[in-house]
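Structure file data-v4.txt (compact mmCIF, C-alpha atoms) follows.
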# COMPACT_ATOMS: atom_id res chain seq x y z
CA MET A 1 -35.61 -22.28 -32.34
CA THR A 2 -37.61 -23.74 -29.51
CA GLY A 3 -41.09 -25.19 -29.43
CA THR A 4 -43.57 -26.31 -26.79
CA ARG A 5 -44.67 -29.86 -27.68
CA LYS A 6 -43.20 -32.53 -25.40
CA GLN A 7 -40.99 -34.95 -27.30
CA LYS A 8 -38.24 -37.43 -26.57
CA ILE A 9 -34.89 -35.76 -26.98
CA ARG A 10 -31.68 -37.47 -28.02
CA VAL A 11 -28.82 -35.92 -26.08
CA SER A 12 -25.36 -36.29 -27.56
CA ARG A 13 -22.74 -36.56 -24.83
CA GLY A 14 -19.78 -36.22 -27.16
CA GLY A 15 -16.99 -38.76 -27.56
CA PRO A 16 -17.40 -41.75 -29.87
CA ASP A 17 -20.01 -41.52 -32.59
CA LYS A 18 -22.50 -44.32 -32.03
CA SER A 19 -22.90 -44.83 -35.78
CA ALA A 20 -19.17 -45.16 -36.31
CA GLY A 21 -19.22 -48.94 -36.57
CA ARG A 22 -20.89 -48.67 -39.98
CA ALA A 23 -20.09 -45.09 -40.84
CA ALA A 24 -16.34 -45.62 -40.74
CA GLY A 25 -16.40 -48.68 -42.97
CA THR A 26 -18.54 -50.73 -45.26
CA PRO A 27 -22.34 -50.78 -45.70
CA SER A 28 -24.53 -52.61 -43.20
CA GLY A 29 -24.26 -56.34 -43.44
CA THR A 30 -20.63 -56.42 -44.60
CA GLY A 31 -17.37 -56.62 -42.71
CA SER A 32 -13.94 -55.12 -43.18
CA PRO A 33 -11.45 -57.75 -44.38
CA SER A 34 -8.56 -55.90 -42.77
CA VAL A 35 -10.01 -55.71 -39.22
CA PRO A 36 -10.52 -58.81 -37.04
CA LYS A 37 -14.13 -59.19 -35.97
CA SER A 38 -13.10 -59.20 -32.31
CA ILE A 39 -11.81 -55.62 -32.53
CA HIS A 40 -14.37 -52.82 -32.21
CA VAL A 41 -13.29 -49.84 -34.29
CA VAL A 42 -14.31 -46.51 -32.78
CA GLN A 43 -13.90 -43.28 -34.70
CA ARG A 44 -14.32 -39.90 -33.06
CA TYR A 45 -15.95 -37.07 -34.93
CA SER A 46 -16.43 -33.40 -34.26
CA TYR A 47 -19.67 -31.60 -35.07
CA PHE A 48 -18.26 -30.38 -38.38
CA ASP A 49 -16.95 -33.73 -39.61
CA ALA A 50 -19.10 -35.22 -42.34
CA ARG A 51 -19.14 -39.00 -42.45
CA PRO A 52 -20.78 -41.87 -44.34
CA ALA A 53 -24.40 -42.27 -43.25
CA ALA A 54 -25.55 -45.46 -41.57
CA LEU A 55 -27.80 -47.13 -44.15
CA ALA A 56 -30.46 -49.79 -43.75
CA PRO A 57 -29.88 -53.17 -45.47
CA ARG A 58 -32.50 -52.31 -48.12
CA LEU A 59 -30.13 -49.55 -49.32
CA ASP A 60 -27.28 -52.03 -49.76
CA GLY A 61 -24.85 -50.91 -52.45
CA LEU A 62 -25.78 -47.22 -52.11
CA HIS A 63 -24.07 -44.53 -50.07
CA ALA A 64 -24.55 -41.04 -48.67
CA PHE A 65 -22.75 -38.68 -46.32
CA THR A 66 -24.19 -37.01 -43.26
CA LYS A 67 -23.32 -34.94 -40.19
CA PRO A 68 -25.18 -33.28 -37.33
CA GLY A 69 -27.73 -30.86 -38.74
CA VAL A 70 -28.64 -33.00 -41.77
CA ARG A 71 -32.14 -34.46 -41.85
CA GLY A 72 -32.13 -38.08 -40.70
CA TYR A 73 -28.66 -37.95 -39.11
CA PRO A 74 -26.91 -40.34 -38.35
CA GLU A 75 -28.89 -42.31 -40.90
CA VAL A 76 -30.74 -40.91 -43.91
CA ASP A 77 -34.16 -39.32 -43.89
CA GLY A 78 -36.89 -41.97 -43.98
CA ALA A 79 -38.81 -40.38 -46.85
CA GLN A 80 -35.65 -39.98 -48.92
CA SER A 81 -34.74 -43.59 -48.22
CA LEU A 82 -38.07 -44.83 -49.56
CA MET A 83 -37.90 -42.49 -52.55
CA VAL A 84 -34.47 -43.75 -53.58
CA GLN A 85 -35.53 -47.37 -53.10
CA THR A 86 -38.50 -46.70 -55.36
CA MET A 87 -36.36 -44.99 -57.99
CA ARG A 88 -33.94 -47.94 -57.97
CA ARG A 89 -36.83 -50.36 -58.42
CA GLU A 90 -38.02 -48.27 -61.36
CA LYS A 91 -34.49 -48.28 -62.85
CA VAL A 92 -34.24 -44.49 -63.04
CA ARG A 93 -31.21 -43.43 -65.11
CA GLY A 94 -29.67 -40.25 -66.52
CA ASP A 95 -29.76 -36.72 -65.12
CA VAL A 96 -31.76 -36.36 -61.91
CA LEU A 97 -32.39 -32.98 -60.30
CA ASP A 98 -32.70 -33.58 -56.56
CA LEU A 99 -34.14 -30.47 -54.93
CA THR A 100 -33.54 -31.93 -51.45
CA ALA A 101 -30.25 -33.72 -51.99
CA MET A 102 -29.35 -33.99 -48.27
CA GLY A 103 -26.28 -36.25 -48.24
CA GLY A 104 -26.34 -37.31 -51.89
CA LEU A 105 -28.11 -40.68 -51.62
CA THR A 106 -29.90 -40.19 -54.96
CA GLY A 107 -26.58 -39.75 -56.72
CA SER A 108 -25.44 -43.22 -55.69
CA LEU A 109 -28.12 -44.87 -57.83
CA PRO A 110 -26.48 -46.72 -60.74
CA GLY A 111 -26.60 -44.77 -63.98
CA VAL A 112 -27.75 -41.52 -62.32
CA THR A 113 -25.99 -38.20 -62.81
CA LEU A 114 -26.99 -36.06 -59.85
CA ARG A 115 -27.84 -32.38 -59.99
CA ALA A 116 -27.75 -31.62 -56.28
CA VAL A 117 -29.66 -28.72 -54.72
CA GLU A 118 -29.84 -27.92 -51.01
CA GLY A 119 -30.84 -25.06 -48.74
CA SER A 120 -29.25 -26.54 -45.62
CA ALA A 121 -25.68 -25.45 -44.92
CA ALA A 122 -25.08 -28.68 -42.98
CA ALA A 123 -26.27 -30.76 -45.93
CA LEU A 124 -24.11 -28.73 -48.32
CA ALA A 125 -21.12 -29.59 -46.13
CA ALA A 126 -22.05 -33.29 -46.26
CA LEU A 127 -22.40 -33.15 -50.04
CA LYS A 128 -19.01 -31.49 -50.37
CA ALA A 129 -17.46 -34.23 -48.24
CA ALA A 130 -19.07 -36.78 -50.56
CA GLY A 131 -17.38 -35.12 -53.54
CA ILE A 132 -20.65 -33.74 -54.90
CA GLU A 133 -20.82 -30.17 -56.20
CA ALA A 134 -24.17 -28.75 -55.09
CA ARG A 135 -26.16 -25.59 -55.68
CA ALA A 136 -27.36 -23.68 -52.62
CA ALA A 137 -30.97 -22.75 -53.30
CA CYS A 138 -34.43 -22.66 -51.76
CA PRO A 139 -37.99 -22.89 -53.13
CA GLY A 140 -38.59 -20.46 -55.97
CA ASP A 141 -34.98 -20.06 -57.06
CA ASN A 142 -34.37 -20.21 -60.80
CA LEU A 143 -31.87 -22.98 -61.59
CA SER A 144 -31.61 -22.37 -65.34
CA ALA A 145 -28.26 -20.58 -65.08
CA GLU A 146 -26.78 -23.68 -63.45
CA TRP A 147 -28.55 -26.15 -65.73
CA PRO A 148 -29.94 -24.53 -68.93
CA THR A 149 -31.60 -27.79 -69.98
CA ARG A 150 -34.02 -29.21 -67.44
CA ALA A 151 -33.53 -32.79 -66.26
CA GLN A 152 -36.25 -35.25 -67.26
CA THR A 153 -36.39 -36.60 -63.71
CA VAL A 154 -36.82 -34.49 -60.55
CA ALA A 155 -36.73 -35.74 -56.96
CA LEU A 156 -38.20 -33.96 -53.93
CA VAL A 157 -38.71 -34.79 -50.25
CA LEU A 158 -41.56 -32.74 -48.82
CA ALA A 159 -40.76 -31.00 -45.54
CA GLY A 160 -44.29 -31.15 -44.19
CA ASP A 161 -42.91 -30.42 -40.72
CA ARG A 162 -42.14 -26.89 -41.95
CA GLY A 163 -45.79 -26.10 -42.60
CA THR A 164 -48.27 -25.93 -45.48
CA ASP A 165 -46.82 -22.83 -47.13
CA TYR A 166 -43.34 -24.35 -47.35
CA ALA A 167 -44.62 -27.67 -48.73
CA MET A 168 -46.70 -25.84 -51.34
CA ALA A 169 -43.66 -23.71 -52.23
CA GLN A 170 -41.72 -26.95 -52.74
CA VAL A 171 -44.48 -28.32 -55.00
CA GLY A 172 -44.53 -25.15 -57.11
CA TRP A 173 -40.73 -25.17 -57.37
CA ALA A 174 -40.70 -28.80 -58.46
CA HIS A 175 -43.32 -28.02 -61.12
CA ALA A 176 -41.24 -25.13 -62.46
CA CYS A 177 -38.15 -27.36 -62.60
CA THR A 178 -39.82 -30.33 -64.33
CA PRO A 179 -40.18 -30.10 -68.13
CA PRO A 180 -43.46 -31.14 -69.79
CA GLY A 181 -43.38 -34.92 -70.06
CA GLY A 182 -40.83 -35.09 -67.24
CA THR A 183 -41.23 -37.15 -64.09
CA LEU A 184 -41.33 -36.00 -60.47
CA TYR A 185 -40.71 -38.47 -57.64
CA ILE A 186 -42.08 -36.86 -54.50
CA ALA A 187 -41.77 -38.36 -51.02
CA GLY A 188 -43.02 -37.44 -47.59
CA ASP A 189 -44.70 -38.38 -44.35
CA ARG A 190 -48.36 -39.35 -44.37
CA ASP A 191 -48.76 -37.75 -40.93
CA LYS A 192 -47.28 -34.46 -42.19
CA GLY A 193 -49.84 -33.83 -44.93
CA PHE A 194 -48.34 -35.91 -47.76
CA ASP A 195 -51.67 -36.95 -49.31
CA ARG A 196 -52.93 -33.36 -49.33
CA TYR A 197 -49.76 -32.01 -50.91
CA VAL A 198 -49.69 -34.73 -53.55
CA ARG A 199 -53.27 -33.92 -54.51
CA ALA A 200 -52.19 -30.32 -55.01
CA ALA A 201 -49.19 -31.48 -57.03
CA GLY A 202 -51.39 -33.76 -59.09
CA ALA A 203 -53.68 -30.85 -59.97
CA ALA A 204 -50.68 -28.98 -61.37
CA PHE A 205 -48.88 -31.93 -62.97
CA GLY A 206 -51.98 -33.57 -64.42
CA THR A 207 -51.34 -37.20 -63.61
CA GLY A 208 -49.72 -39.26 -60.90
CA GLU A 209 -50.17 -41.85 -58.18
CA THR A 210 -48.64 -43.09 -54.95
CA ILE A 211 -46.34 -45.99 -55.81
CA GLY A 212 -44.38 -46.56 -52.60
CA ARG A 213 -45.35 -47.08 -48.96
CA ASP A 214 -43.31 -47.96 -45.92
CA GLY A 215 -44.86 -47.33 -42.51
CA GLY A 216 -45.91 -43.68 -42.58
CA MET A 217 -43.67 -42.77 -45.52
CA ARG A 218 -45.05 -42.38 -49.04
CA VAL A 219 -43.67 -41.87 -52.56
CA ALA A 220 -45.67 -40.65 -55.53
CA LYS A 221 -44.76 -40.48 -59.20
CA LEU A 222 -46.14 -37.63 -61.29
CA ILE A 223 -45.79 -36.87 -65.01
CA ARG A 224 -45.98 -33.19 -65.88
CA ARG A 225 -48.37 -31.96 -68.53
CA PRO A 226 -47.89 -28.49 -70.11
CA GLY A 227 -49.41 -25.78 -67.95
CA GLN A 228 -48.81 -22.85 -65.67
CA THR A 229 -46.76 -23.28 -62.51
CA PRO A 230 -48.71 -22.58 -59.30
CA PRO A 231 -47.66 -19.31 -57.62
CA LEU A 232 -45.43 -19.48 -54.57
CA PRO A 233 -47.03 -18.52 -51.24
CA ALA A 234 -46.28 -14.91 -50.31
CA PRO A 235 -44.10 -14.02 -47.32
CA GLU A 236 -45.88 -13.20 -44.07
CA THR A 237 -45.34 -9.95 -42.22
CA TYR A 238 -46.01 -8.74 -38.68
CA GLU A 239 -44.64 -6.34 -36.06
CA ALA A 240 -42.89 -7.34 -32.83
CA TYR A 241 -40.86 -5.25 -30.37
CA GLY A 242 -40.65 -2.40 -32.83
CA VAL A 243 -39.45 -4.64 -35.66
CA GLN A 244 -41.32 -5.18 -38.93
CA VAL A 245 -40.76 -8.90 -39.52
CA THR A 246 -40.77 -10.64 -42.90
CA GLY A 247 -41.13 -14.43 -42.82
CA LEU A 248 -40.68 -16.59 -45.91
CA PRO A 249 -42.53 -19.93 -46.09
CA GLY A 250 -41.10 -22.54 -43.76
CA VAL A 251 -39.05 -20.15 -41.63
CA PHE A 252 -39.48 -20.48 -37.88
CA SER A 253 -42.03 -17.97 -36.54
CA ALA A 254 -42.76 -16.75 -40.08
CA GLY A 255 -46.32 -15.71 -39.23
CA ARG A 256 -46.04 -14.62 -35.59
CA LEU A 257 -43.46 -14.45 -32.84
CA ASP A 258 -43.09 -17.68 -30.89
CA LYS A 259 -43.51 -17.72 -27.10
CA ALA A 260 -39.83 -18.34 -26.31
CA THR A 261 -38.58 -15.44 -28.42
CA THR A 262 -41.36 -13.22 -27.04
CA LEU A 263 -40.17 -13.94 -23.50
CA PHE A 264 -36.53 -13.48 -24.54
CA LEU A 265 -37.03 -10.10 -26.19
CA ALA A 266 -39.27 -8.88 -23.37
CA HIS A 267 -36.56 -9.67 -20.83
CA LEU A 268 -33.74 -8.19 -22.93
CA THR A 269 -35.82 -5.05 -23.50
CA ALA A 270 -36.38 -4.73 -19.75
CA MET A 271 -32.63 -5.05 -19.18
CA VAL A 272 -31.95 -2.29 -21.72
CA GLU A 273 -34.53 -0.03 -20.10
CA ALA A 274 -33.08 -0.74 -16.66
CA GLY A 275 -29.59 0.10 -17.88
CA THR A 276 -28.21 -3.38 -17.13
CA LEU A 277 -27.70 -4.18 -20.83
CA ASN A 278 -26.14 -1.76 -23.31
CA LEU A 279 -25.95 -2.84 -26.95
CA ALA A 280 -24.85 0.47 -28.46
CA GLY A 281 -21.74 -0.07 -30.54
CA LYS A 282 -21.48 -3.74 -29.51
CA ARG A 283 -20.79 -6.52 -31.98
CA VAL A 284 -23.80 -8.84 -31.66
CA LEU A 285 -24.33 -12.25 -33.24
CA ASP A 286 -27.92 -13.49 -33.75
CA LEU A 287 -27.15 -17.20 -34.06
CA GLY A 288 -29.93 -19.25 -35.66
CA CYS A 289 -31.60 -16.02 -36.73
CA GLY A 290 -34.75 -17.36 -38.43
CA THR A 291 -36.70 -14.30 -39.54
CA GLY A 292 -34.02 -12.05 -38.08
CA VAL A 293 -36.23 -10.48 -35.43
CA ILE A 294 -33.67 -10.77 -32.60
CA GLY A 295 -30.84 -9.35 -34.71
CA ALA A 296 -33.03 -6.55 -36.02
CA TRP A 297 -34.10 -5.69 -32.46
CA ALA A 298 -30.42 -5.53 -31.44
CA ALA A 299 -29.64 -3.30 -34.43
CA LYS A 300 -32.38 -0.93 -33.26
CA GLN A 301 -30.53 -0.69 -29.95
CA GLY A 302 -27.44 0.50 -31.82
CA ALA A 303 -25.59 -2.81 -32.14
CA GLU A 304 -23.42 -3.87 -35.07
CA VAL A 305 -25.22 -7.10 -35.98
CA THR A 306 -24.39 -10.33 -37.75
CA LEU A 307 -27.26 -12.75 -38.40
CA VAL A 308 -26.51 -16.41 -39.13
CA ASP A 309 -28.65 -19.40 -40.03
CA GLY A 310 -28.03 -22.79 -41.58
CA ASP A 311 -31.28 -22.56 -43.56
CA LEU A 312 -31.11 -20.45 -46.70
CA SER A 313 -34.79 -19.41 -46.54
CA SER A 314 -34.14 -18.07 -43.04
CA VAL A 315 -31.16 -16.04 -44.24
CA ARG A 316 -33.32 -14.55 -47.01
CA SER A 317 -36.00 -13.71 -44.42
CA ALA A 318 -33.46 -12.03 -42.15
CA GLU A 319 -32.22 -9.93 -45.07
CA ALA A 320 -35.81 -8.92 -45.86
CA THR A 321 -36.48 -8.04 -42.21
CA LEU A 322 -33.42 -5.79 -42.01
CA HIS A 323 -34.42 -4.14 -45.29
CA ALA A 324 -38.01 -3.57 -44.10
CA ASN A 325 -36.64 -1.70 -41.09
CA THR A 326 -33.92 0.19 -43.00
CA LEU A 327 -31.33 -1.44 -40.75
CA THR A 328 -27.83 -2.54 -41.66
CA GLY A 329 -26.36 -5.91 -40.78
CA GLU A 330 -24.60 -8.92 -42.21
CA CYS A 331 -26.68 -12.03 -42.97
CA ILE A 332 -24.67 -15.22 -43.49
CA HIS A 333 -25.69 -18.72 -44.58
CA SER A 334 -23.56 -20.93 -42.36
CA ASP A 335 -23.46 -24.32 -40.67
CA VAL A 336 -23.34 -22.81 -37.17
CA ASP A 337 -20.19 -20.64 -37.30
CA ALA A 338 -18.34 -22.47 -40.09
CA SER A 339 -18.55 -19.48 -42.46
CA LEU A 340 -17.76 -16.72 -39.98
CA GLY A 341 -14.04 -16.53 -40.62
CA GLN A 342 -12.23 -14.66 -37.85
CA ARG A 343 -15.26 -12.69 -36.59
CA THR A 344 -15.64 -12.27 -32.83
CA PHE A 345 -18.48 -10.77 -30.80
CA ASP A 346 -19.28 -8.95 -27.61
CA LEU A 347 -22.69 -10.61 -27.30
CA ILE A 348 -24.36 -13.69 -28.74
CA LEU A 349 -28.17 -13.88 -28.64
CA THR A 350 -29.86 -17.16 -29.52
CA ASN A 351 -33.00 -19.25 -29.37
CA PRO A 352 -31.24 -22.43 -30.54
CA PRO A 353 -32.97 -25.13 -32.58
CA PHE A 354 -33.50 -28.60 -31.26
CA HIS A 355 -35.37 -29.90 -34.31
CA VAL A 356 -33.63 -31.23 -37.42
CA GLY A 357 -36.38 -32.27 -39.81
CA ARG A 358 -38.58 -34.75 -37.95
CA GLY A 359 -35.93 -35.50 -35.35
CA VAL A 360 -35.38 -33.89 -31.99
CA VAL A 361 -31.66 -33.65 -31.21
CA LEU A 362 -29.33 -31.35 -29.33
CA ASP A 363 -26.19 -31.64 -31.45
CA VAL A 364 -26.74 -28.32 -33.21
CA ALA A 365 -27.75 -26.44 -30.06
CA ARG A 366 -24.68 -27.75 -28.23
CA GLU A 367 -22.51 -26.46 -31.08
CA PHE A 368 -24.24 -23.07 -30.81
CA ILE A 369 -22.95 -22.89 -27.24
CA GLN A 370 -19.47 -23.96 -28.32
CA THR A 371 -19.60 -21.11 -30.83
CA ALA A 372 -19.84 -18.77 -27.86
CA VAL A 373 -16.68 -20.37 -26.42
CA ARG A 374 -14.86 -19.71 -29.71
CA ARG A 375 -16.35 -16.37 -30.74
CA LEU A 376 -16.97 -14.30 -27.63
CA VAL A 377 -14.30 -11.78 -26.69
CA PRO A 378 -13.07 -11.85 -23.08
CA GLY A 379 -15.92 -10.48 -20.97
CA GLY A 380 -18.45 -11.23 -23.70
CA THR A 381 -21.81 -12.81 -22.85
CA LEU A 382 -24.04 -15.50 -24.32
CA TYR A 383 -27.77 -14.95 -23.78
CA LEU A 384 -29.95 -17.99 -24.56
CA VAL A 385 -33.64 -18.87 -24.27
CA ALA A 386 -34.79 -22.48 -24.11
CA ASN A 387 -37.57 -24.82 -23.08
CA ASP A 388 -37.39 -25.71 -19.38
CA PRO A 389 -36.31 -29.36 -19.78
CA LEU A 390 -33.47 -28.79 -22.24
CA PRO A 391 -30.16 -29.44 -20.46
CA TYR A 392 -28.04 -26.59 -21.80
CA GLU A 393 -26.55 -25.50 -18.48
CA PRO A 394 -23.72 -28.08 -18.34
CA THR A 395 -22.52 -27.15 -21.82
CA MET A 396 -22.85 -23.44 -21.08
CA GLN A 397 -20.38 -23.89 -18.21
CA ASP A 398 -17.74 -24.08 -20.97
CA VAL A 399 -18.42 -20.38 -21.58
CA GLY A 400 -18.50 -19.36 -17.94
CA PRO A 401 -20.68 -19.56 -14.82
CA VAL A 402 -24.33 -19.92 -15.84
CA ARG A 403 -26.92 -17.45 -14.56
CA GLU A 404 -30.64 -18.14 -14.78
CA LEU A 405 -32.19 -14.76 -15.51
CA LEU A 406 -35.80 -15.84 -15.85
CA ARG A 407 -37.99 -18.96 -15.73
CA GLU A 408 -41.56 -18.49 -16.86
CA GLY A 409 -44.27 -20.25 -18.88
CA GLY A 410 -42.21 -23.34 -19.58
CA PHE A 411 -39.13 -21.42 -20.74
CA LYS A 412 -35.92 -20.13 -19.23
CA VAL A 413 -33.49 -17.34 -20.10
CA LEU A 414 -29.87 -18.18 -19.35
CA ALA A 415 -26.64 -16.19 -19.55
CA ALA A 416 -22.95 -17.08 -19.33
CA SER A 417 -20.05 -14.66 -19.60
CA LYS A 418 -16.53 -15.45 -20.72
CA SER A 419 -13.87 -14.52 -18.20
CA ALA A 420 -12.20 -11.17 -18.91

Rewrite the structure of this file - the entire thing - as structure tokens.
Amino acid sequence: MTGTRKQKIRVSRGGPDKSAGRAAGTPSGTGSPSVPKSIHVVQRYSYFDARPAALAPRLDGLHAFTKPGVRGYPEVDGAQSLMVQTMRREKVRGDVLDLTAMGGLTGSLPGVTLRAVEGSAAALAALKAAGIEARAACPGDNLSAEWPTRAQTVALVLAGDRGTDYAMAQVGWAHACTPPGGTLYIAGDRDKGFDRYVRAAGAAFGTGETIGRDGGMRVAKLIRRPGQTPPLPAPETYEAYGVQVTGLPGVFSAGRLDKATTLFLAHLTAMVEAGTLNLAGKRVLDLGCGTGVIGAWAAKQGAEVTLVDGDLSSVRSAEATLHANTLTGECIHSDVDASLGQRTFDLILTNPPFHVGRGVVLDVAREFIQTAVRRLVPGGTLYLVANDPLPYEPTMQDVGPVRELLREGGFKVLAASKSA
């Protein structure tokens, strides 16, 4: 989904992966004995190809996989990097439950048996490529069926960029998953509320301190005392364009409709009222659905809707939104369209993301547009809303001629139709 703050944007132009020099071979600082140093090895990857992450020298001897859509790509998340360095220094061994496993870096620590948990479909794909069996879950999920005995060590990277409610849900989840006497290693960004969240965690756990610092990143170690787990923050609800919206913690626009989606739905509604857009009986894909408000709005217009998101909390929100409006639709947890099988659509509606964790990248949004190339039926149309500066038009030409329907308040609504 889009935002309004100005940030530097990394635009992927396709072709060779710039991290391939390390990703295709050995860790940083080493060379391949079978390749002369004068030869530059270039490996090409598609969006869906997972690959070894580029690791800093301080992670020498460890490994992780990554792909577009995983936090920290093409490297590893900075907070996770510091957390794993700290755990290696502390000689952590045995079973470790990593609630934010990303690309499996924690599991490469010597003597560690990883219990990997992830809510990101992209990260789940990276873990699978690394040969790690992971559990898809999000804050609040009970993991006892998967692991009846709790691990003595739990690892967690706080996603402070997803807001206070999500970070506090993560803290409560970690507390529920850590047995009394067990240890939680918790990492995060000082500028994203880490100190505040660790104080809250310390109040629940009973004891702990910050033991690792690197730039703005922090790692704390907490030992859990017996006691009650803090309650998870409740979902937020509101009404927009005739839809009762349910937003779980951390989901985009969980508490109110963002400006881009407001503009998008206002324009689409005007088109419906003018008779220039008819959704009745059409197969509509809400790609990157978040709370599901766009898909639910389309269902109210009589469309047969499929709602997709790579974030499991968002999929759960979309399901709750459909239920609150007594609407039917299919909600799918998927890395873009990887889990859509042979489904095709008459219309695709999207407010694509350009944030992945702390980073601002266009890889995922570009693949959203390529989904329209693959999934639209002849004559089908992609409708997209974006911030003014985002250069989606060249990629949208792959669908068909691009039409600018509206430009207002720092946003634009674009459309491209596939030739009949």

- Message: With distances taken over all atoms listed in the file, which residue among A:Pro110, A:Asp77, A:Leu362, A:Leu105 lies nearest Lys91 of chain A?
- Response: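 Between A:Pro110, A:Asp77, A:Leu362, A:Leu105, the residue approaching Lys91 of chain A most closely is A:Pro110.
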
- Which polymer residues have any atom within 9 Å of an atom of segment 315-331 of chain A, counting all atoms listed in the file, with same-chain residues fewer than 4 positions away left out, as a ChimeraX atom specification? /A:235,243-248,251,254,289-293,295-296,299-300,304-311

- Message: From the options A:Gly188, A:Gly61, A:Pro180, A:Gly302, which residue's atoms come nearest to Gly216 of chain A, counting only C-alpha atoms?
- Response: A:Gly188

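Closest approach to Phe264 of chain A among A:Leu414, A:Val112, A:Leu99, A:Ala129 is made by A:Leu414 (distances from all atoms listed in the file).
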
- Counting only C-alpha atoms, the option among A:Ile211, A:Ala136, A:Leu143, A:Met168 closest to Arg89 of chain A: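 Among the listed residues, the smallest separation from Arg89 of chain A belongs to A:Ile211.
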
- Query: For Ala134 of chain A, which residue among A:Gly103, A:Gly202, A:Pro389, A:Gly111 is the nearest when counting all atoms listed in the file?
  - Reply: A:Gly103

- Task: Would you list the contacts of Val157 of chain A as a PyMOL selection string, taking every protein, DNA or RNA residue within 7 Å and counting all atoms listed in the file, but skipping same-chain residues closer than 6 positions in sequence?
- Result: chain A and resi 79-80+100+186-188

- Message: Report as JSON, numbers by chain all protein, DNA and RNA residues lying within 9 Å of Phe194 of chain A, evaluated on all atoms listed in the file, omitting residues in the same chain fewer than 2 positions from it.
- Response: {"A": [158, 160, 187, 188, 189, 190, 191, 192, 196, 197, 198, 199, 217, 218, 219]}

Per residue of segment 120-171 of chain A within 12 Å of segment 221-226 of chain A, record the nearest atom pair and its distance in Å to one decimal, counting all atoms listed in the file, with rows in chain order and ascending residue number, as a Markdown table.
| residue | atom | partner | partner_atom | distance |
| --- | --- | --- | --- | --- |
| A:Gln152 | CA | A:Ile223 | CA | 9.9 |
| A:Thr153 | CA | A:Ile223 | CA | 9.5 |
| A:Val154 | CA | A:Leu222 | CA | 9.9 |
| A:Ala155 | CA | A:Lys221 | CA | 9.6 |
| A:Leu156 | CA | A:Lys221 | CA | 10.6 |
| A:Val171 | CA | A:Leu222 | CA | 11.4 |

- Which of A:Ala151, A:Leu62, A:Ala280, A:Ala53 sits closest to Val96 of chain A [using all atoms listed in the file]: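 Of the candidates, the smallest distance to Val96 of chain A is held by A:Ala151.
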
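For the pair atom CA of Met396 of chain A and atom CA of Phe354 of chain A, the separation is 15.6 Å.
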